[in-house]
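model_37.txt (compact mmCIF, C-alpha atoms)
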```txt
# COMPACT_ATOMS: atom_id res chain seq x y z
CA MET A 344 6.59 26.01 -36.00
CA THR A 345 5.45 25.57 -32.36
CA ARG A 346 4.50 22.31 -30.67
CA SER A 347 0.89 23.47 -30.30
CA SER A 348 0.61 24.01 -34.06
CA LEU A 349 2.02 20.54 -34.72
CA ASP A 350 -0.51 19.07 -32.33
CA LEU A 351 -3.32 20.88 -34.14
CA LYS A 352 -2.16 19.55 -37.50
CA ALA A 353 -1.94 16.03 -36.08
CA LYS A 354 -5.45 16.32 -34.70
CA GLN A 355 -6.77 17.39 -38.11
CA GLN A 356 -5.13 14.37 -39.75
CA LEU A 357 -6.60 12.02 -37.15
CA ILE A 358 -10.07 13.41 -37.68
CA GLU A 359 -9.79 13.04 -41.48
CA ARG A 360 -8.57 9.42 -41.16
CA PHE A 361 -11.37 8.64 -38.73
CA LEU A 362 -13.86 9.93 -41.28
CA GLY A 363 -12.27 7.75 -43.96
CA LYS A 364 -10.97 10.64 -46.09
CA LYS A 365 -7.61 10.74 -47.83
CA VAL A 366 -5.15 13.16 -46.36
CA GLY A 367 -2.56 15.03 -48.45
CA ALA A 368 1.01 15.75 -47.51
CA ASP A 369 -0.02 19.10 -46.12
CA GLY A 370 -2.54 17.47 -43.79
CA THR A 371 -5.61 18.62 -45.74
CA ALA A 372 -8.20 16.47 -47.44
CA PRO A 373 -8.16 16.82 -51.25
CA GLN A 374 -11.44 17.61 -52.97
CA THR A 375 -13.16 14.54 -54.37
CA THR A 376 -14.96 14.54 -57.73
CA ALA A 377 -18.24 14.58 -55.84
CA THR A 378 -17.11 17.59 -53.78
CA ARG A 379 -16.04 19.50 -56.85
CA SER A 380 -19.32 18.69 -58.62
CA LEU A 381 -21.26 19.89 -55.58
CA TYR A 382 -19.30 23.15 -55.60
CA ARG A 383 -19.95 23.67 -59.29
CA ALA A 384 -23.64 23.00 -58.79
CA LYS A 385 -23.82 26.02 -56.48
CA VAL A 386 -22.60 28.40 -59.25
CA PRO A 387 -25.56 29.86 -61.18
CA GLU A 388 -25.42 28.90 -64.83
CA ALA A 389 -25.70 32.55 -65.85
CA PHE A 390 -22.25 33.16 -64.34
CA THR A 391 -20.67 30.71 -66.77
CA ARG A 392 -22.24 31.91 -70.04
CA PHE A 393 -21.58 35.04 -72.07
CA ASP A 394 -25.05 34.91 -73.62
CA ARG A 395 -26.49 35.32 -70.10
CA HIS A 396 -24.32 38.31 -69.23
CA PRO A 397 -26.67 41.12 -68.08
CA GLY A 398 -24.97 43.62 -70.39
CA TYR A 399 -25.54 41.40 -73.40
CA GLU A 400 -29.15 40.69 -72.45
CA LYS A 401 -29.75 44.44 -72.07
CA MET A 402 -28.22 45.04 -75.50
CA LEU A 403 -30.62 42.56 -77.10
CA VAL A 404 -33.74 44.45 -76.00
CA PRO A 405 -33.51 47.39 -78.47
CA LYS A 406 -32.31 45.02 -81.20
CA ALA A 407 -35.40 42.86 -80.71
CA ALA A 408 -37.64 45.93 -80.77
CA ALA A 409 -36.02 47.12 -84.01
CA ASP A 410 -36.54 43.72 -85.58
CA ARG A 411 -40.23 43.75 -84.66
CA LEU A 412 -40.60 47.19 -86.24
CA GLY A 413 -38.71 46.16 -89.35
CA LEU A 414 -35.97 48.74 -88.82
CA ARG A 415 -32.60 48.29 -90.51
CA ASN A 416 -29.64 48.00 -88.17
CA PRO A 417 -27.77 51.28 -88.80
CA PHE A 418 -24.53 50.08 -87.19
CA PHE A 419 -21.46 48.34 -88.65
CA ILE A 420 -22.43 49.20 -92.24
CA ALA A 421 -19.73 48.14 -94.70
CA HIS A 422 -18.49 50.92 -96.99
CA ASP A 423 -16.99 49.90 -100.32
CA GLY A 424 -14.27 52.59 -100.41
CA VAL A 425 -13.17 55.90 -98.92
CA ALA A 426 -15.97 57.48 -96.89
CA GLY A 427 -15.96 61.20 -97.63
CA ALA A 428 -18.78 63.53 -98.62
CA VAL A 429 -20.08 60.55 -100.60
CA THR A 430 -19.63 56.84 -100.00
CA ARG A 431 -20.64 53.55 -101.59
CA ILE A 432 -22.62 50.96 -99.67
CA ASN A 433 -23.57 47.72 -101.38
CA GLY A 434 -22.67 49.30 -104.71
CA ARG A 435 -24.99 52.30 -104.20
CA GLU A 436 -23.76 55.87 -103.80
CA PHE A 437 -24.86 57.82 -100.72
CA ILE A 438 -24.40 61.38 -99.51
CA ASN A 439 -22.42 60.70 -96.36
CA PHE A 440 -22.65 62.52 -93.01
CA SER A 441 -21.29 59.77 -90.77
CA SER A 442 -17.52 60.19 -91.08
CA TYR A 443 -15.02 62.47 -89.34
CA ASN A 444 -13.20 63.12 -92.61
CA TYR A 445 -13.57 66.85 -92.00
CA LEU A 446 -11.09 68.15 -94.58
CA GLY A 447 -11.36 65.28 -97.05
CA LEU A 448 -7.80 64.14 -96.33
CA ALA A 449 -8.55 60.46 -95.76
CA GLY A 450 -7.86 59.02 -99.19
CA HIS A 451 -6.05 62.15 -100.42
CA PRO A 452 -3.37 61.11 -102.96
CA ALA A 453 -0.52 62.81 -101.07
CA VAL A 454 -1.59 61.20 -97.79
CA ASN A 455 -1.83 57.78 -99.43
CA LYS A 456 1.60 58.22 -101.00
CA ALA A 457 3.16 59.15 -97.67
CA ALA A 458 1.74 56.00 -96.09
CA LYS A 459 2.92 53.81 -98.99
CA ASP A 460 6.43 55.30 -98.87
CA ALA A 461 6.56 54.61 -95.13
CA ILE A 462 5.55 50.99 -95.72
CA ASP A 463 8.37 50.59 -98.24
CA ARG A 464 10.89 52.03 -95.78
CA TYR A 465 9.67 50.79 -92.37
CA GLY A 466 7.10 48.08 -93.00
CA THR A 467 3.55 48.06 -91.69
CA SER A 468 4.23 47.94 -87.95
CA ALA A 469 6.63 49.37 -85.38
CA SER A 470 6.56 45.83 -83.94
CA ALA A 471 7.40 46.79 -80.35
CA SER A 472 7.28 49.44 -77.65
CA ARG A 473 9.26 52.53 -78.62
CA LEU A 474 10.80 52.71 -75.16
CA VAL A 475 12.59 49.38 -75.36
CA ALA A 476 12.90 48.70 -79.09
CA GLY A 477 13.67 52.13 -80.46
CA GLU A 478 11.84 54.58 -82.70
CA ARG A 479 11.30 55.38 -86.34
CA PRO A 480 12.13 58.95 -87.42
CA ILE A 481 8.60 59.45 -88.79
CA GLN A 482 7.13 58.98 -85.30
CA ARG A 483 9.20 61.81 -83.87
CA GLU A 484 8.62 64.01 -86.92
CA LEU A 485 4.87 63.79 -86.30
CA GLU A 486 5.26 64.57 -82.60
CA GLU A 487 7.51 67.55 -83.30
CA ALA A 488 5.05 68.89 -85.88
CA LEU A 489 2.17 68.61 -83.41
CA ALA A 490 4.18 70.32 -80.66
CA GLU A 491 4.94 73.15 -83.09
CA LEU A 492 1.26 73.37 -84.03
CA TYR A 493 0.32 73.99 -80.38
CA GLU A 494 3.42 76.13 -79.70
CA VAL A 495 4.42 73.90 -76.78
CA GLU A 496 7.62 72.05 -75.91
CA ASP A 497 6.85 68.47 -76.84
CA CYS A 498 4.28 65.85 -77.80
CA VAL A 499 3.82 62.09 -77.47
CA VAL A 500 1.67 59.93 -79.76
CA PHE A 501 -0.32 56.93 -78.52
CA VAL A 502 -1.81 54.19 -80.72
CA SER A 503 -5.42 54.92 -79.70
CA GLY A 504 -7.30 58.13 -79.06
CA HIS A 505 -9.50 56.55 -76.38
CA ALA A 506 -6.47 54.99 -74.69
CA THR A 507 -4.69 58.35 -74.72
CA ASN A 508 -7.21 59.85 -72.31
CA VAL A 509 -7.52 56.68 -70.23
CA SER A 510 -3.78 56.24 -69.81
CA THR A 511 -2.89 59.91 -69.32
CA ILE A 512 -5.52 60.68 -66.69
CA GLY A 513 -5.25 57.24 -65.12
CA TYR A 514 -1.51 57.57 -64.64
CA LEU A 515 -1.02 61.25 -63.75
CA PHE A 516 -3.75 61.50 -61.12
CA GLY A 517 -4.68 59.47 -58.05
CA PRO A 518 -6.95 59.02 -55.01
CA LYS A 519 -5.94 62.32 -53.40
CA ASP A 520 -6.83 64.29 -56.54
CA LEU A 521 -9.97 65.70 -58.13
CA VAL A 522 -10.94 65.55 -61.79
CA ILE A 523 -13.77 67.90 -62.67
CA HIS A 524 -15.25 67.81 -66.15
CA ASP A 525 -17.99 69.10 -68.40
CA SER A 526 -21.13 66.99 -68.05
CA LEU A 527 -20.95 66.03 -71.74
CA ILE A 528 -17.34 64.87 -71.66
CA HIS A 529 -16.26 61.81 -73.68
CA ASN A 530 -16.34 58.29 -72.23
CA SER A 531 -12.54 58.00 -72.46
CA VAL A 532 -12.17 60.71 -69.81
CA LEU A 533 -14.60 58.97 -67.47
CA GLU A 534 -12.72 55.69 -67.87
CA GLY A 535 -9.45 57.47 -67.14
CA ILE A 536 -10.87 58.89 -63.92
CA LYS A 537 -11.98 55.41 -62.85
CA LEU A 538 -8.47 54.10 -63.42
CA ALA A 539 -6.98 57.00 -61.47
CA GLY A 540 -9.28 56.44 -58.50
CA SER A 541 -9.66 60.21 -58.22
CA THR A 542 -12.73 61.99 -56.93
CA ARG A 543 -14.94 62.95 -59.87
CA ARG A 544 -17.23 65.96 -60.19
CA SER A 545 -19.02 67.40 -63.21
CA PHE A 546 -20.44 70.80 -64.04
CA THR A 547 -23.37 71.62 -66.31
CA HIS A 548 -22.38 71.74 -69.97
CA ASN A 549 -20.34 74.88 -70.72
CA ASP A 550 -21.33 76.46 -67.39
CA THR A 551 -18.06 78.06 -66.29
CA ALA A 552 -19.76 79.92 -63.42
CA MET A 553 -20.80 76.58 -61.91
CA LEU A 554 -17.26 75.25 -62.34
CA ASP A 555 -15.87 78.32 -60.58
CA ASN A 556 -18.31 77.92 -57.67
CA ILE A 557 -17.55 74.22 -57.20
CA LEU A 558 -13.80 74.84 -57.12
CA ALA A 559 -14.23 77.75 -54.70
CA GLU A 560 -15.98 75.36 -52.34
CA ILE A 561 -13.91 72.17 -52.57
CA ARG A 562 -10.52 72.90 -54.18
CA GLY A 563 -8.75 72.88 -50.81
CA GLN A 564 -9.76 69.27 -50.13
CA PHE A 565 -7.47 67.86 -52.83
CA GLU A 566 -3.85 67.85 -53.92
CA ARG A 567 -3.94 68.05 -57.72
CA VAL A 568 -7.06 69.16 -59.59
CA LEU A 569 -7.65 68.59 -63.30
CA ILE A 570 -10.33 70.39 -65.31
CA VAL A 571 -11.26 68.52 -68.53
CA VAL A 572 -13.28 69.91 -71.43
CA GLU A 573 -13.60 69.26 -75.14
CA GLY A 574 -12.54 71.85 -77.69
CA HIS A 575 -15.53 70.99 -79.88
CA TYR A 576 -18.27 68.73 -78.54
CA SER A 577 -18.86 65.77 -80.81
CA MET A 578 -22.52 65.26 -79.88
CA ASP A 579 -23.67 68.87 -79.88
CA GLY A 580 -21.30 70.82 -82.11
CA ASP A 581 -20.64 73.66 -79.66
CA ILE A 582 -17.46 74.91 -77.98
CA PRO A 583 -16.46 76.05 -74.48
CA ASP A 584 -15.32 79.48 -73.32
CA LEU A 585 -11.59 78.75 -73.30
CA PRO A 586 -10.40 82.14 -71.97
CA ALA A 587 -12.77 81.80 -68.99
CA LEU A 588 -11.51 78.26 -68.32
CA ILE A 589 -7.90 79.46 -68.36
CA ASP A 590 -8.76 82.19 -65.87
CA ILE A 591 -10.51 79.71 -63.57
CA LYS A 592 -7.71 77.17 -63.62
CA ARG A 593 -5.17 79.87 -62.74
CA ARG A 594 -7.15 81.32 -59.87
CA HIS A 595 -7.81 77.93 -58.30
CA GLY A 596 -4.43 76.33 -58.97
CA CYS A 597 -5.62 73.59 -61.33
CA PHE A 598 -4.44 71.85 -64.47
CA LEU A 599 -6.53 72.35 -67.63
CA MET A 600 -6.88 69.60 -70.26
CA VAL A 601 -8.58 70.23 -73.60
CA ASP A 602 -9.65 67.31 -75.81
CA GLU A 603 -9.19 68.53 -79.39
CA ALA A 604 -10.42 65.36 -81.14
CA HIS A 605 -13.11 67.24 -83.09
CA ALA A 606 -11.54 70.72 -82.95
CA LEU A 607 -8.32 70.21 -84.89
CA GLY A 608 -8.92 71.08 -88.55
CA VAL A 609 -12.35 72.48 -87.68
CA LEU A 610 -11.79 75.59 -85.54
CA GLY A 611 -9.58 78.56 -86.31
CA ALA A 612 -8.70 80.19 -89.61
CA THR A 613 -6.11 77.53 -90.42
CA GLY A 614 -7.60 74.64 -88.44
CA LYS A 615 -5.27 74.87 -85.44
CA GLY A 616 -8.18 74.32 -83.10
CA ILE A 617 -9.83 76.19 -80.27
CA ARG A 618 -6.70 78.08 -79.24
CA GLU A 619 -6.54 79.65 -82.71
CA HIS A 620 -10.27 80.35 -82.59
CA TYR A 621 -9.79 82.41 -79.42
CA GLY A 622 -6.26 83.62 -80.10
CA VAL A 623 -4.90 81.89 -76.99
CA PRO A 624 -1.22 80.92 -76.57
CA GLY A 625 -0.70 77.17 -76.54
CA LYS A 626 1.14 77.27 -73.20
CA ASP A 627 -1.96 78.63 -71.46
CA VAL A 628 -3.40 75.10 -71.51
CA ASP A 629 -1.54 72.42 -69.54
CA ILE A 630 -2.57 69.34 -71.50
CA TRP A 631 -3.58 69.36 -75.15
CA MET A 632 -5.09 66.06 -76.24
CA GLY A 633 -6.16 65.13 -79.74
CA THR A 634 -6.70 62.26 -82.12
CA LEU A 635 -5.22 61.36 -85.49
CA SER A 636 -8.31 59.63 -86.84
CA LYS A 637 -10.43 62.65 -87.74
CA THR A 638 -8.85 65.54 -89.64
CA LEU A 639 -5.43 63.84 -89.73
CA ALA A 640 -6.58 60.75 -91.64
CA GLY A 641 -4.75 58.20 -89.47
CA CYS A 642 -5.35 56.44 -86.18
CA GLY A 643 -4.10 57.18 -82.68
CA GLY A 644 -4.01 59.97 -80.14
CA TYR A 645 -1.55 62.51 -78.77
CA ILE A 646 -0.70 64.60 -75.73
CA ALA A 647 1.08 67.93 -76.23
CA GLY A 648 2.43 70.24 -73.54
CA GLU A 649 5.53 71.00 -71.52
CA ARG A 650 8.52 68.67 -71.78
CA ALA A 651 8.22 67.36 -68.21
CA LEU A 652 4.64 66.19 -68.91
CA VAL A 653 5.57 64.44 -72.15
CA GLU A 654 8.75 62.80 -70.84
CA HIS A 655 6.89 61.56 -67.77
CA LEU A 656 4.27 59.87 -69.96
CA LYS A 657 6.87 58.44 -72.37
CA TYR A 658 8.87 56.78 -69.61
CA ALA A 659 6.10 55.71 -67.23
CA ALA A 660 2.51 55.78 -68.55
CA PRO A 661 1.45 52.12 -68.98
CA GLY A 662 -0.60 52.89 -72.08
CA PHE A 663 2.57 54.06 -73.82
CA VAL A 664 5.36 52.05 -72.21
CA TYR A 665 3.62 48.68 -72.56
CA SER A 666 2.07 49.34 -75.95
CA VAL A 667 3.50 49.02 -79.43
CA GLY A 668 4.47 52.31 -81.05
CA ILE A 669 2.28 53.93 -83.67
CA ALA A 670 2.61 52.17 -87.04
CA PRO A 671 4.95 54.15 -89.35
CA PRO A 672 2.43 54.32 -92.24
CA LEU A 673 -0.15 55.87 -89.91
CA ALA A 674 2.35 58.38 -88.55
CA ALA A 675 3.35 59.30 -92.10
CA ALA A 676 -0.28 59.67 -93.20
CA SER A 677 -1.13 61.97 -90.29
CA LEU A 678 1.98 64.08 -90.80
CA ALA A 679 1.14 64.51 -94.49
CA ALA A 680 -2.45 65.43 -93.62
CA LEU A 681 -1.27 67.98 -91.08
CA ARG A 682 0.96 69.65 -93.66
CA ILE A 683 -1.86 69.79 -96.22
CA MET A 684 -4.18 71.33 -93.62
CA LEU A 685 -1.66 74.08 -92.90
CA ASN A 686 -0.82 74.69 -96.56
CA GLU A 687 -4.42 74.71 -97.77
CA PRO A 688 -6.48 76.78 -95.29
CA GLU A 689 -9.20 77.04 -97.93
CA ARG A 690 -10.24 73.52 -96.91
CA VAL A 691 -10.95 74.77 -93.40
CA ALA A 692 -12.82 77.77 -94.76
CA ARG A 693 -15.04 75.53 -96.93
CA LEU A 694 -15.77 73.23 -94.02
CA GLN A 695 -16.82 76.11 -91.79
CA GLU A 696 -18.94 77.57 -94.59
CA ASN A 697 -20.68 74.21 -95.07
CA GLY A 698 -21.30 73.95 -91.34
CA ARG A 699 -22.86 77.40 -91.18
CA MET A 700 -24.96 76.66 -94.26
CA PHE A 701 -26.30 73.39 -92.88
CA LEU A 702 -27.09 74.96 -89.51
CA LYS A 703 -28.90 77.94 -91.07
CA MET A 704 -30.99 75.76 -93.39
CA ALA A 705 -31.84 73.34 -90.62
CA LYS A 706 -33.00 76.11 -88.30
CA GLU A 707 -35.11 77.67 -91.07
CA SER A 708 -36.70 74.26 -91.62
CA GLY A 709 -37.75 74.02 -87.97
CA ILE A 710 -35.28 71.29 -87.07
CA ASP A 711 -34.11 71.20 -83.44
CA VAL A 712 -30.32 71.60 -83.68
CA GLY A 713 -29.74 72.06 -79.95
CA THR A 714 -26.76 74.21 -79.08
CA SER A 715 -24.76 73.57 -82.26
CA GLN A 716 -22.69 76.50 -83.46
CA GLY A 717 -22.38 75.08 -86.96
CA PHE A 718 -18.65 74.50 -87.30
CA ALA A 719 -18.78 70.91 -88.54
CA ILE A 720 -21.29 69.03 -86.36
CA VAL A 721 -25.04 69.60 -86.41
CA PRO A 722 -27.49 67.35 -84.55
CA ALA A 723 -31.14 66.91 -85.49
CA ILE A 724 -32.72 66.19 -82.12
CA THR A 725 -35.77 63.92 -82.30
CA GLY A 726 -36.42 63.42 -78.57
CA SER A 727 -36.90 59.68 -79.04
CA SER A 728 -34.55 56.82 -79.86
CA LEU A 729 -37.25 55.16 -81.93
CA LYS A 730 -37.86 58.34 -83.94
CA ALA A 731 -34.14 58.75 -84.52
CA ALA A 732 -33.79 55.17 -85.78
CA LYS A 733 -36.83 55.49 -88.06
CA LEU A 734 -35.61 58.79 -89.48
CA SER A 735 -32.17 57.36 -90.15
CA ASN A 736 -33.79 54.46 -92.03
CA ARG A 737 -35.93 56.78 -94.16
CA LEU A 738 -32.96 58.93 -95.12
CA PHE A 739 -30.94 55.83 -95.92
CA ASP A 740 -33.68 54.74 -98.30
CA SER A 741 -33.17 58.12 -99.99
CA ALA A 742 -29.40 57.52 -100.32
CA ILE A 743 -28.41 59.73 -97.36
CA ASN A 744 -26.24 58.06 -94.74
CA VAL A 745 -26.46 59.55 -91.24
CA GLN A 746 -26.29 57.69 -87.94
CA PRO A 747 -28.82 57.85 -85.12
CA ILE A 748 -27.48 58.52 -81.62
CA VAL A 749 -29.78 56.78 -79.18
CA TYR A 750 -30.06 55.99 -75.47
CA PRO A 751 -27.85 55.27 -73.52
CA ALA A 752 -25.25 57.17 -75.59
CA VAL A 753 -27.44 60.22 -74.87
CA GLU A 754 -30.49 60.76 -72.71
CA GLU A 755 -33.69 59.48 -74.31
CA LYS A 756 -35.04 63.01 -74.67
CA ALA A 757 -31.81 63.98 -76.44
CA ALA A 758 -31.85 61.16 -79.06
CA ARG A 759 -30.82 62.52 -82.44
CA LEU A 760 -29.30 62.18 -85.84
CA ARG A 761 -25.76 63.54 -85.92
CA PHE A 762 -24.51 65.19 -89.12
CA PHE A 763 -20.75 65.50 -89.67
CA LEU A 764 -19.94 68.03 -92.37
CA SER A 765 -16.94 67.87 -94.68
CA SER A 766 -15.14 70.46 -96.78
CA LEU A 767 -16.05 68.22 -99.75
CA HIS A 768 -19.82 68.50 -99.33
CA THR A 769 -21.50 70.61 -102.00
CA GLU A 770 -24.22 73.18 -101.51
CA ALA A 771 -26.57 70.97 -103.55
CA GLN A 772 -25.91 67.99 -101.28
CA ILE A 773 -26.59 70.05 -98.18
CA LYS A 774 -29.82 71.52 -99.60
CA GLN A 775 -31.04 68.09 -100.69
CA THR A 776 -30.31 66.59 -97.28
CA VAL A 777 -32.01 69.32 -95.25
CA GLN A 778 -35.04 69.20 -97.53
CA MET A 779 -35.32 65.41 -97.13
CA LEU A 780 -34.84 65.76 -93.37
CA LYS A 781 -37.64 68.32 -93.20
CA GLU A 782 -40.00 66.15 -95.27
CA THR A 783 -39.37 62.90 -93.40
CA ALA A 784 -39.01 64.17 -89.83
```
This structure in structure tokens:
Amino acid sequence: MTRSSLDLKAKQQLIERFLGKKVGADGTAPQTTATRSLYRAKVPEAFTRFDRHPGYEKMLVPKAAADRLGLRNPFFIAHDGVAGAVTRINGREFINFSSYNYLGLAGHPAVNKAAKDAIDRYGTSASASRLVAGERPIQRELEEALAELYEVEDCVVFVSGHATNVSTIGYLFGPKDLVIHDSLIHNSVLEGIKLAGSTRRSFTHNDTAMLDNILAEIRGQFERVLIVVEGHYSMDGDIPDLPALIDIKRRHGCFLMVDEAHALGVLGATGKGIREHYGVPGKDVDIWMGTLSKTLAGCGGYIAGERALVEHLKYAAPGFVYSVGIAPPLAAASLAALRIMLNEPERVARLQENGRMFLKMAKESGIDVGTSQGFAIVPAITGSSLKAAKLSNRLFDSAINVQPIVYPAVEEKAARLRFFLSSLHTEAQIKQTVQMLKETA
């Protein structure tokens, strides 16, 4: 330290002593109680209370409006048992269209037995990160089965579907890269792009010509480019043109990622997803993403692709490395469900038949189903959040459980009821539901 700096410190101490303030060992005056109180007084009270958080206050507005209108809160309803084509709520049986149990495998005896056997052998939790604490054979068996399903080299399973997208995109891409996605892509992809710090662009839903034009204009400005689409859109029930997307990604030197959360078990003759629907080799897509919580009756997400991709994520992606491994009973349940799906393709056929039936009846009844192609998801677009909530309440009173999708989850003009079909739904249940929907809409 120089002499001039010592002199400056000495001067500061002299000034503090002259003013009658205590001086600490470092030559600075400690804050007095009065000083600290004055500082706290300058902080707005709203910054110290969760009930004054702007997000919470915004959330209360529609809840207050619903209360004034006497509308039942349609969210967080407690189901008494397995939610399949039917469910029990408060002891009453409902026709159920609010679950992703597409092939009726959640609650299937063989799936339950697989989970119970895994509990007996491994316990209920993996208890630590697989990287540092080791694996359970059932975890790798599931990953190998999924890799085989997609005809790719390897697969890695995460404990959350949402976190799978966030962690994968957030880790693999960065500020010098571009992520371009369908305008109706899932929130998890958007959060992953934020984490990555990449440039983000979107193209109009299923408009591959627009995607092609954007890439022709700006591809050269970035290092890596990732195109992200869904294999089956969960809000609208339609699918993208996968062969066109593969052609575009090749011509522009991009990676292609397909989110199969609602496509596995739904598309293709045996439920293998959009690649089976189009007859596309699995290796033509760089990143296959999917979830275990829909068709596969478990919980978690996965990434399937070439070995370098999977090993990179397993050794370095924070969402995998610093997270506990998938619970053995969940891995066992999803593996059992996958095997049933492949061995019983009639479940997939029934699901697709039910989807087509619901779509046809809804259209004939004058219901706005948007762009749904009737595989397993059919919206009934009301054009108003209030209308959607009221319609959901009326159907609930008639023992039909279907959730409203309201703003901001969708644009106000796109508010809707969203019907998830199952292979277990009967023709009578579908006819009854569409008739009630027509009468109450």
Neighbouring residues of Ala409 (chain A) were defined as those with any atom within 12 Å, considering only C-alpha atoms; residues of the same chain fewer than 6 positions away were excluded. Please report them as an mmCIF file with C-alpha atoms, keeping the file's coordinate frame.
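That gives us out_31.cif:
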```
data_model
loop_
_atom_site.group_PDB
_atom_site.id
_atom_site.type_symbol
_atom_site.label_atom_id
_atom_site.label_comp_id
_atom_site.auth_asym_id
_atom_site.auth_seq_id
_atom_site.Cartn_x
_atom_site.Cartn_y
_atom_site.Cartn_z
ATOM 1 C CA MET A 402 -28.220 45.040 -75.500
ATOM 2 C CA LEU A 403 -30.620 42.560 -77.100
ATOM 3 C CA ARG A 415 -32.600 48.290 -90.510
ATOM 4 C CA ASN A 416 -29.640 48.000 -88.170
ATOM 5 C CA PRO A 417 -27.770 51.280 -88.800
ATOM 6 C CA SER A 728 -34.550 56.820 -79.860
ATOM 7 C CA LEU A 729 -37.250 55.160 -81.930
ATOM 8 C CA LYS A 730 -37.860 58.340 -83.940
ATOM 9 C CA ALA A 731 -34.140 58.750 -84.520
ATOM 10 C CA ALA A 732 -33.790 55.170 -85.780
ATOM 11 C CA LYS A 733 -36.830 55.490 -88.060
ATOM 12 C CA ASN A 736 -33.790 54.460 -92.030
#
```
(message) Around (-23.1, 52.3, -87.8), as given in the file, which residues come within 10 Å? Count only C-alpha atoms and list them as JSON, numbers by chain.
(response) {"A": [416, 417, 418, 419, 420, 421, 441, 744, 745, 746, 747, 748]}
Given the choices A:Ala587, A:Leu448, A:Ala784, A:Ala676, which gets closest to Met553 (chain A) if the distance is worked out from only C-alpha atoms?
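For Met553 (chain A), the nearest of the candidates is A:Ala587.
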Which residues of region 738-775 of chain A sit at most 12 Å from region 621-639 of chain A, using only C-alpha atoms? Give each one's shortest atom pair and distance in Å (one decimal place), in chain and ascending residue order, as a tab-separated table.
```
residue	atom	partner	partner_atom	distance
A:Phe763	CA	A:Lys637	CA	10.9
A:Leu764	CA	A:Thr638	CA	11.7
A:Ser765	CA	A:Thr638	CA	9.8
A:Ser766	CA	A:Thr638	CA	10.7
```
**One-decimal distance in Å that lies between CA of Leu610 (chain A) and CA of Gln695 (chain A)** =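 Straight-line distance from CA of Gln695 (chain A) to CA of Leu610 (chain A) works out to 8.0 Å.
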Name all residues at most 7 Å from Glu649 (chain A) (count only C-alpha atoms; drop same-chain ones fewer than 4 positions away) and give them as a list of chain:residue names.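 Skipping anything fewer than 4 positions along the chain leaves A:Val495, A:Glu496, A:Asp497, A:Val653.
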Practice prompt. Pick out the closest residue to Glu754 (chain A) from this set: A:Ser442, A:Leu527, A:Ala449, A:His575. Count only C-alpha atoms.
Written response: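 Between A:Ser442, A:Leu527, A:Ala449, A:His575, the residue approaching Glu754 (chain A) most closely is A:Leu527.
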Contacts of Tyr645 (chain A) within 12 Å, only C-alpha atoms, excl. fewer than 5 positions in-chain, as an NGL selection string | :A and (482-483 or 485-490 or 493 or 497-511 or 601-604 or 607 or 630-636 or 639 or 653 or 656-657 or 662-663 or 669 or 674 or 677)
What gap, in Å, lies between CA of Ala559 (chain A) and CA of Val572 (chain A)?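 According to the coordinates, CA of Ala559 (chain A) and CA of Val572 (chain A) are separated by 18.5 Å.
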**OP:** Find the residue from A:Gly644, A:Ser735, A:Asp584, A:Gly413 that sits nearest to Ala552 (chain A); use all atoms listed in the file when measuring.
**Re:**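 Checking each candidate against Ala552 (chain A), we get A:Asp584 as the closest.
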(Q) Could you check the closest approach to Ile710 (chain A) for each of A:Ala680, A:Val753, A:Leu760, A:Ala670 and tell me which residue wins, using all atoms listed in the file? (A)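 Selected residue with least distance to Ile710 (chain A): A:Leu760.
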- request: Do a neighbour search on Asp555 (chain A) at 10 Å with all atoms listed in the file, toss out local chain neighbours closer than 2 positions, and write the hits as a list in words.
  value: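 Returned residues: Phe546, Asp550, Thr551, Ala552, Met553, Ile557, Leu558, Ala559, Glu560, Arg562, Ala587, Leu588, Asp590, Ile591, Lys592, Arg594 and His595 of chain A.
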**For CA of Phe739 (chain A) and CA of Phe437 (chain A), the interatomic separation in Å (one decimal)** =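 If I compute the distance from CA of Phe739 (chain A) to CA of Phe437 (chain A), I get 8.0 Å.
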*asked:* Let me make sure I understand: among A:Pro751, A:Gly641, A:Gly726, A:Gly563, which one has the smallest atom-to-atom distance to Pro671 (chain A) if we use only C-alpha atoms?
replied: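 Answer, going by the shortest atom-to-atom distance: A:Gly641.
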